[in-house]
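Report on the structure given below.
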Amino acid sequence: MSTIALPGSDQPDIDRGPQILAAVISTTLAALVVVTARLYDYTMIAAMGLSLAGLGVIVTSVEYGAGRHAAYLDTDMNRLGLFFNFVSQPLYLWAIPMVKMSAGLFLLRISPNIYHRRILQGFMTFVMAYTLFSFLTLMLQCTNLAMFWDTRIQTTCWPQSTLQGLVYSNAAAIIKTAFIINYGKTEDFLWDSADVTIWVSTETNAGIIAACLPCTKPMFKNILDGSCRYGSGYGKDEGNLRSYGHGTGRISSIFGFQMQTKTEIRAQAKNESISL
């Protein structure tokens with residue numbers, strides 16, 4: 001009796017899990033660093049929270065075989081890997097529009113006239129409506145969603161060509177679309193999803209970084225000002241450091257506590273030299 005070859009059985013046992021983790025962890029941590037400059041923005045915090053949740057799910061899915069061929073995984077491990085792969089999809093699906101909403105709300109605050117605001121509001125409404133439609137498509141595409149991680153379940157689903165059209169139009173998504181076209185054709189889903197996972201995470205975190213970078217200027221300016229202050233001739237004396245910085249150190253400069261400017265420090269030093 002002939003046996004059915006498992007997906008990937010004609011391929012070597014290559015593990016792309018470390019590659020997935022390196023890409024997802026690095027971009028997520030980079031986004032987490034810059035998002036501290038927008039802690040007042042609840043939509044950006046929501047996007048970052050979804051990205052972190054997605055990171056946790058992806059780490060778990062890699063533990064259960066994401067990035068490997070199904071032929072080299074036992075049935076239970078493959079099933080769990082597919083389950084966590086599916087769970088990550090709605091997380092990133094909502095994270096991406098949250099980034100766009102954050103950028104839209106920021107632009108609304110500085111929009112010069114009513115026409116620009118109406119255009120922005122229309123775009124934001126479209127993004128949220130499209131995201132809701134995509135989410136409903138994801139959750140309703142099959143009668144029983146468990147078929148995505150359990151091959152024993154028989155159910156009916158929408159045509160794959162319909163599902164492939166539901167992607168976002170930006171640089172990372174264009175690259176992601178190239179991988180989605182071939183996704184699932186070999187039924188080796190954990191292997192096929194490696195590139196999609198990398199680019200979905202990149203798309204989300206690159207958007208967070210791009211939206212937060214303008215807000216990091218004051219933080220970096222304070223850091224650089226503090227570096228100049230303590231690297232100058234006025235900051236070499238430890239007693240003068242306590243006098244000029246009021247004992248707060250560079251940490252207070254980074255987080256915006258009140259400190260003297262370089263001009264004030266020079267003026268104080270000049271006054272002290274005159275009095276001597």
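Labels used: A, B, ... for chains in the order of the structure tokens, numbers from 1 for residues in each chain, and numbers from 1 for ligands as shown.
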Open item on the list: Using only C-alpha atoms, which protein or nucleic acid residues come within 10 Å of A:Thr151? Drop anything in the same chain fewer than 4 positions from it, and give the result as a ChimeraX atom specification.
Closed with: /A:75,79,146-147
Dump as a PDB file, in the first residue's frame, selection limited to N, CA and C atoms:
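Saved as result.pdb:
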ATOM      1  N   THR A  75       2.423  15.048  14.489  1.00  0.00           N
ATOM      2  CA  THR A  75       1.090  15.582  14.196  1.00  0.00           C
ATOM      3  C   THR A  75       0.644  16.617  15.221  1.00  0.00           C
ATOM      4  N   ARG A  79      -0.013  20.626  14.593  1.00  0.00           N
ATOM      5  CA  ARG A  79      -1.339  21.176  14.861  1.00  0.00           C
ATOM      6  C   ARG A  79      -1.236  22.421  15.755  1.00  0.00           C
ATOM      7  N   ALA A 146     -11.388  25.693  12.936  1.00  0.00           N
ATOM      8  CA  ALA A 146     -10.416  24.717  13.431  1.00  0.00           C
ATOM      9  C   ALA A 146      -9.753  23.943  12.306  1.00  0.00           C
ATOM     10  N   MET A 147     -10.326  23.987  11.110  1.00  0.00           N
ATOM     11  CA  MET A 147      -9.713  23.276   9.992  1.00  0.00           C
ATOM     12  C   MET A 147      -8.362  23.866   9.607  1.00  0.00           C
TER      13      MET A 147
END
Task: Given only C-alpha atoms as the counted atoms, nearest of A:Leu52, A:Leu132, A:Ile14, A:Met77 to A:Ala31 - done: A:Leu52
Task: Pick from A:Ala47, A:Gln11, A:Ala129, A:Arg38, whichever lies nearest to A:Lys217 using only C-alpha atoms - done: A:Arg38
Fewer than 3 positions away in the same chain doesn't count, so skip those; otherwise give me all residues within 6 Å of A:Cys142, counting only C-alpha atoms, as a PDB file with N, CA and C atoms, in the first residue's frame.
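What landed in result-v1.pdb:
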ATOM      1  N   LEU A 145     -13.416  27.153  11.820  1.00  0.00           N
ATOM      2  CA  LEU A 145     -12.054  27.676  11.714  1.00  0.00           C
ATOM      3  C   LEU A 145     -10.999  26.689  12.183  1.00  0.00           C
ATOM      4  N   THR A 156     -16.344  23.827   4.776  1.00  0.00           N
ATOM      5  CA  THR A 156     -16.351  24.597   3.526  1.00  0.00           C
ATOM      6  C   THR A 156     -15.789  25.985   3.784  1.00  0.00           C
ATOM      7  N   CYS A 157     -15.040  26.513   2.795  1.00  0.00           N
ATOM      8  CA  CYS A 157     -14.398  27.825   2.920  1.00  0.00           C
ATOM      9  C   CYS A 157     -14.588  28.619   1.639  1.00  0.00           C
TER      10      CYS A 157
END
TODO: Pick out the residues sitting within 6 Å of A:Arg117, and hand them over as a list of chain:residue names; count only C-alpha atoms, and ignore anything fewer than 3 positions along from it in its own chain.
DONE: A:Leu108, A:Ile114, A:Leu120
Restrict the selected residues to C-alpha atoms and save them as a tab-separated table (two decimals), in the first residue's frame.
chain	number	residue	atom	x	y	z
A	108	LEU	CA	-5.75	66.15	12.39
A	114	ILE	CA	-11.34	72.02	7.21
A	120	LEU	CA	-8.16	62.68	6.79
Shell around A:Gly104 at 9 Å using only C-alpha atoms, local window under 5 positions removed, as a CSV table (one decimal) with N, CA, C and O atoms, in the first residue's frame:
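Just written: around_32.csv:
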chain,number,residue,atom,x,y,z
A,99,VAL,N,-1.9,51.9,13.8
A,99,VAL,CA,-0.8,52.8,13.5
A,99,VAL,C,-1.2,53.9,12.6
A,99,VAL,O,-0.9,55.1,12.8
A,109,ARG,N,-4.6,67.1,14.3
A,109,ARG,CA,-4.2,68.2,15.2
A,109,ARG,C,-3.5,69.3,14.6
A,109,ARG,O,-3.6,70.5,15.0
A,120,LEU,N,-8.7,63.6,5.8
A,120,LEU,CA,-8.2,62.7,6.8
A,120,LEU,C,-9.2,61.8,7.5
A,120,LEU,O,-9.0,60.6,7.7
A,121,GLN,N,-10.3,62.5,7.9
A,121,GLN,CA,-11.4,61.7,8.5
A,121,GLN,C,-12.0,60.7,7.6
A,121,GLN,O,-12.3,59.6,8.0
A,123,PHE,N,-10.4,59.1,5.2
A,123,PHE,CA,-9.4,58.1,5.0
A,123,PHE,C,-9.4,57.2,6.3
A,123,PHE,O,-9.4,56.0,6.2
A,124,MET,N,-9.5,57.8,7.5
A,124,MET,CA,-9.5,57.0,8.7
A,124,MET,C,-10.7,56.1,8.8
A,124,MET,O,-10.7,55.0,9.2
- [ ] Enumerate as number ranges by chain all residues of stretch 11-82 of chain A assigned to helix (DSSP H, G or I) by DSSP on the backbone, naming them with the chain letters and numbers the document uses.
- [x] A: 17-38, 42-63, 70-72, 75-82
Task: Selection near stretch 58-72 of chain A, 7 Å with only C-alpha atoms, sequence-local residues under 3 positions removed, as a list in words - done: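 After dropping sequence-adjacent residues, the list is Leu6, Pro7, Gly8, Ser9, Asp13, Ile14, Asp15, Arg16, Gly17, Leu21, Gly54, Leu55, Met77, Asn78, Leu80, Gly81, Phe84, Asn85, Ser88, Asp188, Leu190, Trp191 and Ala194 of chain A.
For A:Thr202, the non-local neighbours within 9 Å, defined as residues at least 3 positions apart in the same chain or in other chains and counting only C-alpha atoms, are A:Ala23, A:Val24, A:Thr27, A:Thr28, A:Ala172, A:Thr197, A:Ile198, A:Trp199, A:Asn205, A:Ala206, A:Gly207.
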Got time to write the residues from that selection, N, CA, C and O atoms, as a short mmCIF file (atom, residue, chain, number, x, y, z; two decimals), in the first residue's frame?
data_model
loop_
_atom_site.label_atom_id
_atom_site.label_comp_id
_atom_site.auth_asym_id
_atom_site.auth_seq_id
_atom_site.Cartn_x
_atom_site.Cartn_y
_atom_site.Cartn_z
N ALA A 23 14.04 38.48 13.03
CA ALA A 23 13.36 39.58 12.35
C ALA A 23 12.26 40.18 13.20
O ALA A 23 12.15 41.42 13.34
N VAL A 24 11.44 39.33 13.80
CA VAL A 24 10.28 39.82 14.57
C VAL A 24 10.72 40.49 15.86
O VAL A 24 10.24 41.58 16.22
N THR A 27 12.62 44.02 15.13
CA THR A 27 11.74 45.12 14.73
C THR A 27 10.77 45.51 15.85
O THR A 27 10.47 46.70 16.02
N THR A 28 10.32 44.52 16.62
CA THR A 28 9.40 44.84 17.72
C THR A 28 10.10 45.63 18.82
O THR A 28 9.54 46.60 19.36
N ALA A 172 5.96 47.38 2.57
CA ALA A 172 6.15 46.05 3.16
C ALA A 172 5.05 45.10 2.71
O ALA A 172 5.31 43.91 2.49
N THR A 197 5.09 35.88 7.85
CA THR A 197 5.20 36.30 9.25
C THR A 197 6.23 37.42 9.42
O THR A 197 5.99 38.41 10.12
N ILE A 198 7.38 37.25 8.76
CA ILE A 198 8.44 38.26 8.86
C ILE A 198 7.96 39.61 8.33
O ILE A 198 8.15 40.65 8.98
N TRP A 199 7.29 39.59 7.19
CA TRP A 199 6.92 40.87 6.57
C TRP A 199 5.70 41.51 7.20
O TRP A 199 5.55 42.74 7.20
N ASN A 205 5.71 47.09 12.65
CA ASN A 205 6.70 47.80 13.47
C ASN A 205 7.37 48.94 12.73
O ASN A 205 7.72 49.96 13.33
N ALA A 206 7.53 48.81 11.41
CA ALA A 206 8.06 49.92 10.63
C ALA A 206 7.10 51.10 10.66
O ALA A 206 7.51 52.26 10.72
N GLY A 207 5.80 50.80 10.63
CA GLY A 207 4.80 51.86 10.73
C GLY A 207 4.85 52.55 12.09
O GLY A 207 4.75 53.78 12.18
#
Open item on the list: For a test of reading the model, state the distance in Å between atom CA of A:Phe83 and atom CA of A:Trp149, rounded to one decimal.
Closed with: 5.1 Å
